[in-house]
Structures are given as structure tokens and as C-alpha cells.
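J.: This is the structure I want to talk about, given as C-alpha cells.
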Protein chains: 2
Amino acid sequence: MLRTHTCGELRIQDVNKRVALTGWVQRLRDKGSLLWIDLRDRYGITQLFLEEGKSDPAMLQSARQLGREYVVRVTGTVAERLSKNDKIPTGAIEIKLESIEVLNKSKTPPFTIEDNTDGGDDLRMKYRYLDLRRSPVREGLQLRHKMAQQTRAYLDSLNFIEVETPVLIKSTPEGARDFVVPSRIHHGEFYALPQSPQTFKQLLMVSGFDRYYQIVKCFRDEDLRADRQPEFTQIDCEMAFITQEDILATFEGLVRHLFKTVKGIDMPSVPHMTYADAMKYYGSDKPDTRFEMKFCELTDIVKGKGFQAFDQASMAVGFCARGCATYTRKQLDELTEFVKRPQIGAKGMVYLRYEENGTLKSSVDKFYPPDELRKWVTACNAQPGDLILVLSGETDKTRKALGELRLYVASQLGLRDKNTFSALWVIDFPLLEWNEETSRYHAMHHPFTSPKREDLQLLDTAPGEIRANAYDMVINGTEVGGGSIRIHDRPTQQLMFNHLGFTEEEAKKQFGFLMEAFEFGAPPHGGIAFGFDRLCSLFGGADSIRDFIAFPKNNAGRDTMIDTPAAISQEQLNELGLDIQPEK
Amino acid sequence: MLRTHTCGELRIQDVNKRVALTGWVQRLRDKGSLLWIDLRDRYGITQLFLEEGKSDPAMLQSARQLGREYVVRVTGTVAERLSKNDKIPTGAIEIKLESIEVLNKSKTPPFTIEDNTDGGDDLRMKYRYLDLRRSPVREGLQLRHKMAQQTRAYLDSLNFIEVETPVLIKSTPEGARDFVVPSRIHHGEFYALPQSPQTFKQLLMVSGFDRYYQIVKCFRDEDLRADRQPEFTQIDCEMAFITQEDILATFEGLVRHLFKTVKGIDMPSVPHMTYADAMKYYGSDKPDTRFEMKFCELTDIVKGKGFQAFDQASMAVGFCARGCATYTRKQLDELTEFVKRPQIGAKGMVYLRYEENGTLKSSVDKFYPPDELRKWVTACNAQPGDLILVLSGETDKTRKALGELRLYVASQLGLRDKNTFSALWVIDFPLLEWNEETSRYHAMHHPFTSPKREDLQLLDTAPGEIRANAYDMVINGTEVGGGSIRIHDRPTQQLMFNHLGFTEEEAKKQFGFLMEAFEFGAPPHGGIAFGFDRLCSLFGGADSIRDFIAFPKNNAGRDTMIDTPAAISQEQLNELGLDIQPEK
């Protein structure tokens with residue numbers, strides 16, 4: 001090694017040691033007779049020191065010519081600092097330099113390599129290799145490494161085996177769009193990149209590998225939107241000979257292990273909530289449970305009093321914002337505007353202030369005398385000083401809109417602290433969901449999810465009401481993982497394919513191998529997949545997954561650093577037997 | 001869990017425990033009043049026992065209807081066996097059954113699920129999920145998991161950080177052919193799948209992540225041949241601020257750690273051999289050093305004695321096969337035939353028997369009297385009882401042919417035992433190699449490999465003689481890993497691209513980002529990549545990598561189980577803006 005120590009390593013007890021360090025020049029302070037250099041590497045920063053009259057003049061001169069981000073190797077002796085810096089672990093010492101060797105020069109970087117950089121997103125992405133030198137980005141990737149290590153440690157300890165599944169697989173039209181890979185050898189044929197290793201992990205269960213995991217790249221050719229990547233990483237898991245409770249317990253264990261080992265947080269046991277309750281009480285299948293604000297349904301109480309909006313609604317529902325009776329007219333108007341945005345879609349908002357002095361003040365006073373309003377207070381378990389916010393309309397839409405309002409108000413109240421974590425299992429998801437576009441039911445999770453036996457009778461009469469053995473892990477209002485108990489017999493799988501609109505031929509062509517596998521002794525099995533990028537950003541307290549991915553694509557699916565996607569040569573196209581269609 | 005124990009877990013001290021097991025019916029032995037079932041899972045086999053008159057008659061009847069590979073859950077009590085089986089860890093006990101529940105039936109598998117199956121390769125690949133139930137295949141994947149675990153344990157302990165590099169990258173014409181991925185959003189443009197994360201790991205060094213690794217899928221669209229997979233896995237590593245010796249020491253450490261922890265073998269320190277010596281003494285850049293048989297050059301000794309084949313040759317070289325003087329005429333003829341095969345390419349073979357009684361017998365007696373032959377004996381350090389085999393001709397071809405003969409004879413002599421391991425560093429590879437087809441020099445390793453400074457002067461006069469800072473790890477005659485110290489400054493990289501026939505524009509278009517990165521403080525760095533599939537098969541004592549990959553492709557690049565590659569829909573093609581060319 002060109003160094004004896006890293007730049008994060010030396011302490012007061014190392015004083016008088018002769019050392020060699022390597023790293024990048026972070027900054028240089030030239031006070032005339034005294035010169036300090038901050039030398040940076042992945043491990044930290046160490047201060048280097050030169051003194052006019054004591055240090056070699058040639059070395060002093062070359063030190064003065066160092067620019068930011070020059071790579072150097074220095075030798076010297078560890079000395080105690082006169083004025084210590086207790087903000088960095090090496091702050092008690094500095095190196096009295098004996099030699100400086102420039103290993104490589106650097107042009108002036110296009111943005112500053114500091115925690116808060118002056119570089120915009122586009123510039124940072126183009127020079128990602130410089131962006132990665134910044135502590136917040138480096139720490140994001142170090143966190144990710146630790147998350148992966150601890151995930152493996154936990155699963156290994158439970159006899160899970162990591163198996164690599166293939167990347168060149170087969171395109172299936174169900175679900176999102178596949179990326180495809182033309183085969184040169186087989187003219188006109190294509191591989192596809194996996195959206196998940198779903199069928200392979202199920203086959204591994206059929207093979208008897210009863211506990212599988214993989215930290216694995218997956219691919220989706222979706223229309224891009226902010227913070228979605230065409231390639232992403234999953235913690236993909238499957239178990240055989242289990243019940244749903246076994247899966248929930250095992251992977252609650254994983255999440256608690258990660259919180260404990262990576263964040264030092266003792267996460268309490270994770271409560272279970274049905275999908276139905278999540279929608280009823282939070283208007284969302286991924287409720288943020290860092291705070292309460294549960295919904296209270298007021299439909300029966302508020303109807304028939306002459307207030308049209310409520311009378312015509314199938315649902316009136318509210319929640320109680322603690323201590324918010326002091327909200328001004330302006331604040332309340334702003335909330336009303338929020339819910340009326342097209343993406344929220346409410347027609348208006350009703351409020352009820354329960355003043356500290358016990359009086360009730362509502363936007364619909366003229367329809368509801370205090371006696372009536374008192375019923376709202378009771379239903380919402382409001383206390384003096386609270387504010388009740390109510391929306392009404394069609395049930396599902398109203399719940400969703402109120403769910404958005406709940407999050408909005410909670411953000412205003414500072415209840416969504418990034419260093420507080422609240423996890424939740426949402427269970428009993430619907431098996432099917434109606435798709436307006438295709439006018440048919442689609443699998444809500446995927447077509448391999450098993451229905452609850454007792455609900456199967458609804459298949460012809462009320463398919464939307466069938467519950468699945470499906471579950472999501474939600475943390476702070478973000479879905480971090482989801483899975484299901486799978487179908488493991490051919491007749492049920494065939495039945496599902498039929499009801500999802502597959503012809504027998506299509507089902508056989510796409511999933512024939514899986515259905516055939518089910519006939520050779522498939523065990524009961526189920527699993528889960530966690531979105532690893534998202535989980536890392538959650539643990540890192542960040543909104544974007546971008547800084548937890550070393551080389552992300554931008555929102556147009558482009559890597560601007562290496563400039564891809566890009567044209568390929570006509571020779572390559574000919575070898576693949578492909579022509580590019582004229583642009584429309 | 002549906003079970004209390006696995007099928008590999010119960011021992012004599014568990015007698016009288018009530019247990020529940022799950023697994024597959026391996027076999028059923030029905031002796032009339034007594035019935036045994038072997039129940040198998042990933043962990044082992046446990047014997048189940050039923051007895052006419054004692055066991056429930058309904059259960060007995062259902063037990064008799066069990067077929068091979070049925071999945072069952074049984075309950076019962078652990079009992080000591082009368083006749084123990086000391087070949088399996090559970091051989092001292094059996095389970096007296098109380099209940100049998102069939103979790104799933106099985107059709108008769110298309111081949112037997114036994115260590116030695118009656119299934120041919122094609123059938124096994126089509127039903128890979130059944131093939132994976134067989135112990136040798138399952139153990140191969142378990143070995144692979146352990147290899148990955150221990151690789152991570154070693155590298156983590158040395159502060160390496162695992163960073164995921166992108167899979168959707170950019171096509172570059174250097175090296176093997178890329179698989180490409182059409183972009184739907186960017187009409188006419190393509191991503192490419194990485195042949196290795198080479199440039200990304202170098203950028204990570206520029207970023208300051210001074211120790212990187214990744215166990216990562218790579219892709220090459222090569223013309224297929226036996227035992228080569230279009231997707232394969234590498235242990236990919238890079239270090240900064242190092243010398244070549246640091247890399248060799250670090251990764252010799254990895255290999256020794258793997259031998260110790262996975263195989264229980266104390267591997268001695270790994271010798272270094274130059275490429276020049278490897279060719280001179282073994283006729284190969286990946287010598288099998290499990291045995292000696294070093295070459296002895298006889299050119300000067302044998303020339304000018306009237307034997308034309310030697311007189312016209314630029315090289316006569318042989319080796320001494322210990323104790324092989326007893327080889328019969330027939331055996332020697334067979335060796336001559338071997339070297340005359342077109343793929344070996346020798347014109348003939350000369351032998352010299354050094355009999356136990358001291359007499360010398362050669363196929364070229366009439367040109368070489370005993371006094372002359374004695375010089376051969378001395379040069380080859382032969383002992384009575386040894387056999388010297390000599391080839392002659394053009395230097396490189398003769399060495400290669402003799403290298404093949406050396407391996408062939410060693411195999412005959414049983415010197416290539418799969419449970420003996422001999423590792424070697426081959427260093428100082430040539431930087432460039434002449435390509436007859438393109439009539440120009442190509443990078444032997446890749447264009448980022450640094451030349452030895454002292455050889456750079458040969459760039460214009462004798463480019464083929466420039467040595468690179470490049471090295472391979474060879475075990476038992478197989479190259480398991482290779483790497484180099486990289487170029488880390490723009491001028492040298494530019495120089496290399498020029499000499500490899502890149503125009504300035506091409507170099508900039510393909511690798512401009514890397515050359516630009518070298519201008520922002522790139523540290524000295526180097527690395528290595530190990531072929532993980534091959535390493536696993538070597539540790540597993542197998543010739544083929546196939547059984548160390550869960551779902552391999554066949555020699556035509558096809559997965560016959562899921563039937564891919566396959567046609568995609570016209571709708572998909574239109575979305576991608578692609579037409580398939582008419583077949584030629």
C-alpha cells in the first residue's frame with residue numbers, strides 16, 4: 001500500500017509516529033509562514049502542516065502549487081495540534097510533513113466537493129464520479145452496503161440460501177412492460193430482463209430449496225417519473241412449508257434486525273392491519289402510522305340536516321387534528337385549496353373548531369346547531385383545542401382525499417419526522433382490482449397470489465371482494481415490501497389465469513412450465529420482496545432513492561455520464577437481424 | 001412452520017419426541033406388515049415407519065397410496081431404529097407415524113430423483129426444477145452460496161465496499177460482442193448489458209471508494225461453445241493506492257481464505273511465475289502445477305546430427321515422464337497420434353526410454369548414439385525408469401503442443417486429481433497481441449491495462465514485447481481470475497487507444513467520460529475479476545460449470561424450461577420501433 005494509515009485513522013496516541021497518507025486535497029490554508037492542507041479520503045480528513053523556516057523550502061513551494069482535488073502521497077510525523085477540532089475524529093492531531101508526492105493533478109471540478117455543493121442535479125449526474133466524492137453520497141452507499149450485509153447476515157442465520165436466478169429470461173405481457181434483448185443466434189427471438197425473479201423463486205420452492213433469498217437487480221420499462229429507475233434492486237425471498245404468519249414473523253424479524261444493527265433502533269413488534277381497515281381509518285393502503293389522526297365516519301350523524309353536500313354523499317368522514325383549533329381562516333382556506341386540487345379531487349372541506357373554552361365553531365354552523373356538532377366531537381373523540389376536518393362524497397375517493405389531507409396536515413404539524421420510524425403490516429389485500437382501461441379484473445399483486453379459500457365462492461358473483469393472502473410492509477407511509485402466499489396447485493392456478501382473461505393457450509405458452517411444475521409435488525409456499533433502493537433511502541432519511549444508487553439514470557432513463565442509451569452500428573443491427581422503424 | 005424439524009435434524013437423543021416433518025417421498029418399502037417411507041427435504045432423509053396392527057388402518061392405506069415425490073406433512077414420535085444406517089446422520093432413528101397429510105401429489109417424474117439419475121442432459125434441463133432436487137446439484141448450489149458468503153466475509157473484513165454498478169450501460173465495440181437492449185423512450189437507441197463493470201469500478205476509484213467489490217452478473221454475446229454461458233458471474237474487485245504486489249497479496253489471501261473455510265484446506269502461499277517462464281517451461285499461460293514435468297530445451301544439443309526434423313526446427317523441447325520407461329510401443333504410438341491431431345498440430349514425436357537397467361532406447365537411435373542421448377538425460381534430469389518425450393518445430397507452436405502432451409500424459413498417470421489443488425500467479429503478461437484477422441495489435445487484457453514503464457520505449461519498434469502490469473490466478477491449469485494495474489492518466493490512456501487503432505473521435509465517444517475522469521485527480525489503482533461459476537465448479541471438483549448455476553442456458557443459449565429466447569408481439573416491436581429483417 002502506498003499509505004500506512006487512512007485519513008480517518010490517526011489519534012492523539014499516534015503522536016510521533018512516522019506515517020504515509022494518500023488522498024485528495026480538500027483545501028489549503030496559507031497563512032504566510034504557516035500552511036495547512038486538509039487531506040481527504042473515504043475514511044475521513046487529516047490535517048497536514050508545513051511551516052516556513054522549518055519545512056523543506058522545495059516542499060513548501062510544491063505544497064503551495066497544490067490545487068483542490070489533487071491526489072497526493074505525503075509522509076510525515078504525527079503531532080498534537082495546538083487548536084483541536086472536536087468535530088472530526090482526527091481533530092486532535094496533524095501531520096508535520098516531510099514529503100509530498102503528487103500522484104495526479106486535477107482540473108478545477110465543475111462543482112465544489114462539499115456536503116452542500118453548488119452543483120445542480122444535471123451537472124452532478126454528468127460528473128457522478130466527482131459527486132460520489134461528497135460525504136452525503138458516499139455515506140449513502142456505505143449505508144447501502146451495511147444494509148445488504150445485515151440482510152444477508154440475518155437471512156443466512158435462518159438457513160436461507162442465496163441463489164442467482166437468470167437475467168436473460170422470457171417476456172410476459174402481464175404486469176409492467178419488459179425490457180427485451182434481441183438474440184443474435186436465434187433470428188427474430190428475444191430474451192427479456194426480469195421484472196422480478198417471481199417464477200424462478202417459486203420453482204426453487206418446487207425444487208425443495210425451502211428458504212431462498214437474493215439481493216437482485218430487476219427491470220421495468222415503465223413510463224418514467226421522478227424517482228423511479230428502470231433498473232432497481234430487490235431483496236427477494238421465498239419460503240416453503242409455511243403459513244402467512246411465518247412469513248410475517250420472519251420478515252418483521254429482518255426489518256427489526258436492520259433497524260437494530262444499522263440504526264441502533266429497537267423497533268417494537270409490527271402491528272397488523274387489514275387492507276379494509278387501512279382504507280377505512282387512513283384512506284390509504286400504506287398509512288403513515290408515525291402519528292394517529294384516525295378517520296371517524298360521520299355519515300349517519302350528519303345526514304338529513306339540510307346540508308346538501310353531506311346529504312348527497314355516500315360518505316362523510318373526518319379526522320381530528322390535535323391542538324389545531326387555533327388554525328386561522330387563512331390556514332383553513334389553504335387546506336381547502338389543497339383538497340380541491342385536481343389530483344386530490346375533493347369538492348370542498350368542512351371544519352369544526354373545538355375551541356379551548358369549549359365553544360364549537362364550524363363552517364356549516366347554519367345547518368348544525370351546537371348539539372349536533374357535539375355529536376361530531378364525540379364521534380371523533382376530540383378534545384378542547386382540536387380541529388375536526390371533514391370531507392364527503394363517493395366513499396373510496398373521499399377516503400383517499402382525506403388520506404392526502406391527513407398527510408398534508410401532519411407534515412405541517414411536523415409529525416413526519418425522518419428519524420422516527422413506524423412500521424406496519426397491511427394484510428388481506430383484495431385479490432383482484434378492476435381496470436377501467438381494459439374493462440376487466442387484473443391481479444392486484446400478481447397472478448400467482450393465492451385467494452383466501454373462504455372467499456373463493458365469490459369468484460363469479462363479486463370478484464372484487466375476494467381477499468388474497470397478500471401483505472405489504474409499510475414504514476412511515478411508504479410501501480417497502482410486499483408479498484403473498486402463492487398458489488401451489490395447477491387447478492387453482494388455471495382458474496386464476498382463466499379469470500384474468502388468459503386463454504388456455506396463452507397461459508400455457510407463458511406459464512406452462514410453472515403449471516407443469518405444480519404437478520410434480522409443489523409444496524405450499526409464499527414470499528416477499530423488499531424494494532432495496534427505497535429501504536435504503538428510508539433508513540438514510542432521504543426522500544430520493546437517487547443518492548443510494550451509485551450510477552442512477554435520470555428521469556428520462558438516461559445515464560448522462562456515459563451517454564446511454566445510444567445508437568449502435570449498422571453492423572450490430574444486421575448481426576441482430578433488426579431494422580429501426582422510421583420515426584413517426 | 002408446518003414442521004417442527006427438518007428431515008436432516010433428528011438424532012438418537014430425540015427419541016420419544018413428538019415431531020412434525022414435511023418433505024418429499026423418496027421411496028416406500030412395503031414388507032406386508034411393515035412399511036417404511038424415506039422422507040426427503042433439503043436437509044436430509046428421515047425414515048418413517050408404519051406397522052400393520054399398530055398403526056391406524058386408514059393411515060396405512062393412505063401411506064400405501066403415496067407415490068414418489070408426493071409432498072407430505074407427517075406427525076409421529078421419534079423411535080430408535082432396530083437396524084441402524086450409519087451412512088446418513090439420521091440413521092439411528094425413525095418416526096412412528098401418527099398422521100399423514102398429502103400436501104400435494106406428484107406425477108411420475110420424467111427421470112429418477114437420485115444421485116445418479118437416468119435422465120439425459122436435455123431432459124434434466126427441461127425439468128430443471130426436478131433436477132435441482134438431486135443431491136449433487138443441490139450441493140453444488142449450496143457450495144456456491146458458501147463461496148459467496150466467504151468471499152464477502154473476507155473482503156468486508158478488509159474494508160472493501162460492495163457497490164452495485166448499472167446493468168443498462170453502453171455498447172462498446174472493443175472486446176466480445178455486447179447484448180443490447182432497445183430503448184422504447186429513445187427511438188433507435190440502445191442500452192447494452194455489461195461484459196464487466198470495468199469502467200464503473202475504475203470510476204469508483206476516481207471517486208475515492210478505494211476498495212470495491214461486487215459479485216455481479218456479466219454478459220457476453222459470444223458464439224456459444226460447450227460450458228460457456230451468455231450470462232455469468234464475476235467476483236469483481238478494484239483497489240486504489242496500491243502496487244501490483246498489494247493486489248496479489250490481497251487476492252491470494254481471498255483464495256486461501258476460501259480454501260480454508262469452504263474446503264478445510266491449508267493452501268500454501270502462491271508462487272509467482274512470469275508469462276515468459278510459463279510458456280518456456282509449460283507451453284501454456286495457465287500451467288497445471290499439480291505436477292512437475294517441466295520442459296527441458298534440447299535445441300542446441302540435438303541439432304546438427306543429421307536428423308532433419310530437429311535440424312530444421314527452431315525449437316526442440318521435451319519433458320521427462322517419471323517412471324514411464326515401461327510404456328509399450330502401443331502406448332507410445334497412441335501419444336504420437338495424440339500430438340498429430342490437427343488441434344495439437346505436431347508433425348511427430350521423439351521418445352527416449354531410460355530403462356531401469358540404465359540402457360537408453362530412442363526412436364531416433366540411428367541419429368543419436370548413446371553418448372548423445374546421455375546429454376538429453378542430463379538436460380532433462382532423467383532418472384532410470386523415466387521416459388523423455390520430445391517435440392520440435394516452430395517455437396510457440398511446439399511449446400503449446402508439448403504443453404498439451406504434458407497434460408495428456410499427466411491425466412494418464414493420474415496426476416490431475418480433482419481433490420488436489422495447486423495455485424499460481426502468472427505475471428508480466430504481454431500488453432498487446434497480434435490479431436491475424438484484423439492485422440493489428442489488440443489489448444491482451446483490455447485497453448485500460450498499464451504497460452510496464454520500462455517497456456514503453458518498445459511501443460513503436462516491438463509492441464508485441466511490451467509487458468503489462470497484468471496477472472492471472474491459475475489453479476490446476478484453469479485461469480480462475482485475472483486483472484491488472486490500470487492506466488490512471490489521460491495521456492497514457494490516449495496513447496494506448498491510438499495504438500489500438502481507435503481514432504481520437506472513437507476513443508472520445510466511447511470512453512471520453514473515463515479519460516475526462518482521469519483529469520480530476522484519479523489515483524493509482526488496479527484490480528482483478530474472478531470467474532465465480534468456474535471457481536465454484538473447481539471447488540466442487542466438477543468439469544462443468546452447469547451444475548453450479550441454478551438455471552443455466554444450453555449450448556445454443558436457450559433455456560428449454562421456460563423456452564427462451566422467444567418471439568415477442570408485433571405490438572412490443574412497434575413500441576420499440578423495431579422491425580425484424582427478413583431471414584437470409
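Residues in the C-alpha cells are named by chain (A, B, ... in the order shown) and by number from 1 within that chain; ligands are numbered from 1 in the order shown.
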Show me, as JSON, numbers by chain, the residues of chain B whose atoms get within 6 Å of chain A, using only C-alpha atoms for the distance check.
T.: {"B": [1, 2, 42, 69, 70, 71, 104, 105, 106, 107, 129, 130, 132, 133, 145, 162, 170, 180, 181, 188, 189, 190, 191, 203, 207, 208, 241, 242, 519, 520, 521, 564, 565, 566, 567, 577, 578, 579, 580, 581]}
J.: Mind checking DSSP for stretch 190-439 of chain B and telling me the strand (DSSP E) residues as a PyMOL selection string?
T.: chain B and resi 190-192+211-219+231-240+272-274+296-297+315-321+350-354+360-362+387-393+423-427+432-435
J.: May I ask for the distance between atom CA of A:Ser537 and atom CA of A:Leu248, given in Å to one decimal place?
T.: 22.5 Å
J.: Which value, in Å to one decimal, gives the distance between atom CA of A:Asp460 and atom CA of A:Met279?
T.: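 Here the two named atoms are 24.5 Å from each other.
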J.: Write out as a PyMOL selection string which residues come within 10 Å of B:Gln198 when counting only C-alpha atoms, dropping same-chain ones fewer than 5 positions away.
T.: chain B and resi 165+203+236-238+446+448+527-529
J.: Next, the residues of the selection above should be written as a compact mmCIF listing (two decimals), in the first residue's frame with N, CA, C and O atoms.
T.:
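Result written to out_21.txt:
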# COMPACT_ATOMS: atom_id res chain seq x y z
N THR B 165 -23.14 -1.72 -9.66
CA THR B 165 -22.96 -0.90 -10.86
C THR B 165 -24.12 -1.19 -11.82
O THR B 165 -24.77 -2.23 -11.70
N LEU B 203 -14.13 4.20 -12.23
CA LEU B 203 -14.69 5.48 -11.82
C LEU B 203 -14.88 5.52 -10.29
O LEU B 203 -14.71 6.56 -9.67
N ASP B 236 -15.83 -9.22 -8.75
CA ASP B 236 -15.17 -8.11 -9.41
C ASP B 236 -14.59 -7.18 -8.34
O ASP B 236 -15.33 -6.79 -7.43
N CYS B 237 -13.33 -6.86 -8.43
CA CYS B 237 -12.66 -6.11 -7.35
C CYS B 237 -11.75 -5.03 -7.91
O CYS B 237 -11.18 -5.18 -8.99
N GLU B 238 -11.57 -3.98 -7.13
CA GLU B 238 -10.65 -2.91 -7.52
C GLU B 238 -10.12 -2.24 -6.25
O GLU B 238 -10.84 -2.13 -5.25
N HIS B 446 -7.23 -5.78 -21.57
CA HIS B 446 -8.18 -4.78 -22.09
C HIS B 446 -7.46 -3.45 -22.20
O HIS B 446 -6.35 -3.31 -21.67
N PHE B 448 -7.38 -0.77 -20.79
CA PHE B 448 -7.13 0.05 -19.61
C PHE B 448 -5.93 -0.45 -18.81
O PHE B 448 -5.57 0.11 -17.78
N GLY B 527 -6.95 -3.89 -10.23
CA GLY B 527 -7.95 -4.82 -9.71
C GLY B 527 -7.87 -6.17 -10.35
O GLY B 527 -6.90 -6.50 -11.03
N ILE B 528 -8.92 -6.91 -10.12
CA ILE B 528 -8.98 -8.30 -10.58
C ILE B 528 -10.43 -8.72 -10.67
O ILE B 528 -11.30 -8.14 -10.01
N ALA B 529 -10.70 -9.70 -11.49
CA ALA B 529 -12.03 -10.31 -11.52
C ALA B 529 -11.86 -11.83 -11.57
O ALA B 529 -11.03 -12.34 -12.33
J.: Using only C-alpha atoms, which of B:Leu431, B:Asn357, B:Met349, B:Glu454 sits nearest B:Leu405?
T.: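 Distance minimum relative to B:Leu405 lands on B:Met349.
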J.: Which of stretch 24-92 of chain B counts as helix (DSSP H, G or I) under DSSP, as a VMD selection string please?
T.: chain B and resid 57 to 64
J.: Atoms to include: all heavy atoms. Write the selected residues as an mmCIF file, in the first residue's frame.
T.:
data_model
loop_
_atom_site.group_PDB
_atom_site.id
_atom_site.type_symbol
_atom_site.label_atom_id
_atom_site.label_comp_id
_atom_site.auth_asym_id
_atom_site.auth_seq_id
_atom_site.Cartn_x
_atom_site.Cartn_y
_atom_site.Cartn_z
ATOM 1 N N PRO B 57 -55.355 -48.069 10.569
ATOM 2 C CA PRO B 57 -55.527 -48.715 9.257
ATOM 3 C C PRO B 57 -55.775 -47.721 8.126
ATOM 4 O O PRO B 57 -55.236 -47.904 7.021
ATOM 5 C CB PRO B 57 -56.756 -49.606 9.460
ATOM 6 C CG PRO B 57 -56.881 -49.790 10.931
ATOM 7 C CD PRO B 57 -56.336 -48.559 11.562
ATOM 8 N N ALA B 58 -56.528 -46.656 8.391
ATOM 9 C CA ALA B 58 -56.796 -45.658 7.341
ATOM 10 C C ALA B 58 -55.490 -44.996 6.913
ATOM 11 O O ALA B 58 -55.229 -44.768 5.730
ATOM 12 C CB ALA B 58 -57.774 -44.611 7.851
ATOM 13 N N MET B 59 -54.645 -44.704 7.896
ATOM 14 C CA MET B 59 -53.361 -44.069 7.594
ATOM 15 C C MET B 59 -52.479 -45.032 6.802
ATOM 16 O O MET B 59 -51.817 -44.643 5.831
ATOM 17 C CB MET B 59 -52.672 -43.667 8.896
ATOM 18 C CG MET B 59 -51.319 -43.041 8.656
ATOM 19 S SD MET B 59 -50.563 -42.418 10.153
ATOM 20 C CE MET B 59 -50.292 -43.926 11.071
ATOM 21 N N LEU B 60 -52.482 -46.293 7.205
ATOM 22 C CA LEU B 60 -51.705 -47.299 6.470
ATOM 23 C C LEU B 60 -52.120 -47.346 5.010
ATOM 24 O O LEU B 60 -51.285 -47.395 4.110
ATOM 25 C CB LEU B 60 -51.935 -48.682 7.107
ATOM 26 C CG LEU B 60 -50.779 -49.223 7.952
ATOM 27 C CD1 LEU B 60 -51.240 -50.418 8.752
ATOM 28 C CD2 LEU B 60 -49.583 -49.566 7.081
ATOM 29 N N GLN B 61 -53.449 -47.297 4.833
ATOM 30 C CA GLN B 61 -53.945 -47.366 3.468
ATOM 31 C C GLN B 61 -53.503 -46.140 2.660
ATOM 32 O O GLN B 61 -53.044 -46.272 1.521
ATOM 33 C CB GLN B 61 -55.470 -47.464 3.484
ATOM 34 C CG GLN B 61 -56.021 -47.979 2.161
ATOM 35 C CD GLN B 61 -57.535 -47.901 2.110
ATOM 36 O OE1 GLN B 61 -58.194 -47.727 3.131
ATOM 37 N NE2 GLN B 61 -58.080 -48.050 0.914
ATOM 38 N N SER B 62 -53.600 -44.973 3.292
ATOM 39 C CA SER B 62 -53.205 -43.778 2.533
ATOM 40 C C SER B 62 -51.699 -43.772 2.306
ATOM 41 O O SER B 62 -51.219 -43.295 1.278
ATOM 42 C CB SER B 62 -53.699 -42.499 3.220
ATOM 43 O OG SER B 62 -52.898 -42.186 4.322
ATOM 44 N N ALA B 63 -50.938 -44.321 3.249
ATOM 45 C CA ALA B 63 -49.483 -44.401 3.066
ATOM 46 C C ALA B 63 -49.154 -45.247 1.846
ATOM 47 O O ALA B 63 -48.259 -44.927 1.063
ATOM 48 C CB ALA B 63 -48.817 -44.981 4.305
ATOM 49 N N ARG B 64 -49.916 -46.362 1.680
ATOM 50 C CA ARG B 64 -49.639 -47.271 0.548
ATOM 51 C C ARG B 64 -49.955 -46.624 -0.791
ATOM 52 O O ARG B 64 -49.487 -47.099 -1.824
ATOM 53 C CB ARG B 64 -50.455 -48.555 0.712
ATOM 54 C CG ARG B 64 -49.947 -49.424 1.833
ATOM 55 C CD ARG B 64 -50.343 -50.898 1.665
ATOM 56 N NE ARG B 64 -49.473 -51.735 2.461
ATOM 57 C CZ ARG B 64 -49.782 -52.250 3.660
ATOM 58 N NH1 ARG B 64 -50.972 -52.031 4.196
ATOM 59 N NH2 ARG B 64 -48.896 -52.994 4.306
#
J.: Quick one, how far is atom CA of B:Gln412 from atom CA of B:Leu352?
T.: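 Answer for the atom CA of B:Gln412 to atom CA of B:Leu352 separation: 18.3 Å.
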J.: Between A:His257, A:Lys340, A:Arg399, A:Arg490, which has the minimum distance to A:Glu297 (counting only C-alpha atoms)?
T.: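 Looking only at the distances to A:Glu297, the closest residue turns out to be A:Arg399.
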J.: At a cut-off of 8 Å, using only C-alpha atoms, what residues contact stretch 498-508 of chain A? Leave out same-chain residues fewer than 4 positions from it and give the result as a list in words.
T.: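 Contacts, in chain order: Arg440, Tyr441, His442, Ala443, Pro447, Gln494, Gly512, Phe513 and Met515 of chain A.
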J.: For N, CA and C atoms, I'd like the residues from the last selection saved as an mmCIF file, in the first residue's frame.
T.:
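Wrote it out as again.cif, contents follow:
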data_model
loop_
_atom_site.group_PDB
_atom_site.id
_atom_site.type_symbol
_atom_site.label_atom_id
_atom_site.label_comp_id
_atom_site.auth_asym_id
_atom_site.auth_seq_id
_atom_site.Cartn_x
_atom_site.Cartn_y
_atom_site.Cartn_z
ATOM 1 N N ARG A 440 -61.526 -5.054 -17.354
ATOM 2 C CA ARG A 440 -61.527 -6.393 -16.736
ATOM 3 C C ARG A 440 -60.736 -6.344 -15.434
ATOM 4 N N TYR A 441 -60.852 -7.445 -14.670
ATOM 5 C CA TYR A 441 -60.102 -7.525 -13.425
ATOM 6 C C TYR A 441 -58.650 -7.895 -13.699
ATOM 7 N N HIS A 442 -57.767 -7.247 -12.988
ATOM 8 C CA HIS A 442 -56.354 -7.614 -13.025
ATOM 9 C C HIS A 442 -55.955 -8.120 -11.642
ATOM 10 N N ALA A 443 -54.887 -8.919 -11.604
ATOM 11 C CA ALA A 443 -54.367 -9.331 -10.299
ATOM 12 C C ALA A 443 -53.804 -8.097 -9.613
ATOM 13 N N PRO A 447 -50.488 -12.752 -10.692
ATOM 14 C CA PRO A 447 -51.435 -13.866 -10.885
ATOM 15 C C PRO A 447 -51.101 -15.125 -10.101
ATOM 16 N N GLN A 494 -54.808 -22.456 -12.809
ATOM 17 C CA GLN A 494 -55.541 -22.414 -14.083
ATOM 18 C C GLN A 494 -56.792 -21.545 -13.935
ATOM 19 N N GLY A 512 -46.691 -22.273 -18.807
ATOM 20 C CA GLY A 512 -46.868 -23.718 -18.850
ATOM 21 C C GLY A 512 -45.878 -24.436 -17.951
ATOM 22 N N PHE A 513 -44.617 -23.970 -17.965
ATOM 23 C CA PHE A 513 -43.586 -24.629 -17.151
ATOM 24 C C PHE A 513 -43.932 -24.584 -15.670
ATOM 25 N N MET A 515 -47.039 -24.252 -14.339
ATOM 26 C CA MET A 515 -48.200 -25.111 -14.047
ATOM 27 C C MET A 515 -47.809 -26.581 -14.092
#
J.: Applying 9 Å and only C-alpha atoms, which residues near A:Arg322 remain after dropping the ones on its own chain fewer than 4 positions away? List them as a list in words.
T.: Met293, Ala382, Gln383, Pro384, Gly385, Asp386, Leu387 and Ile388 of chain A
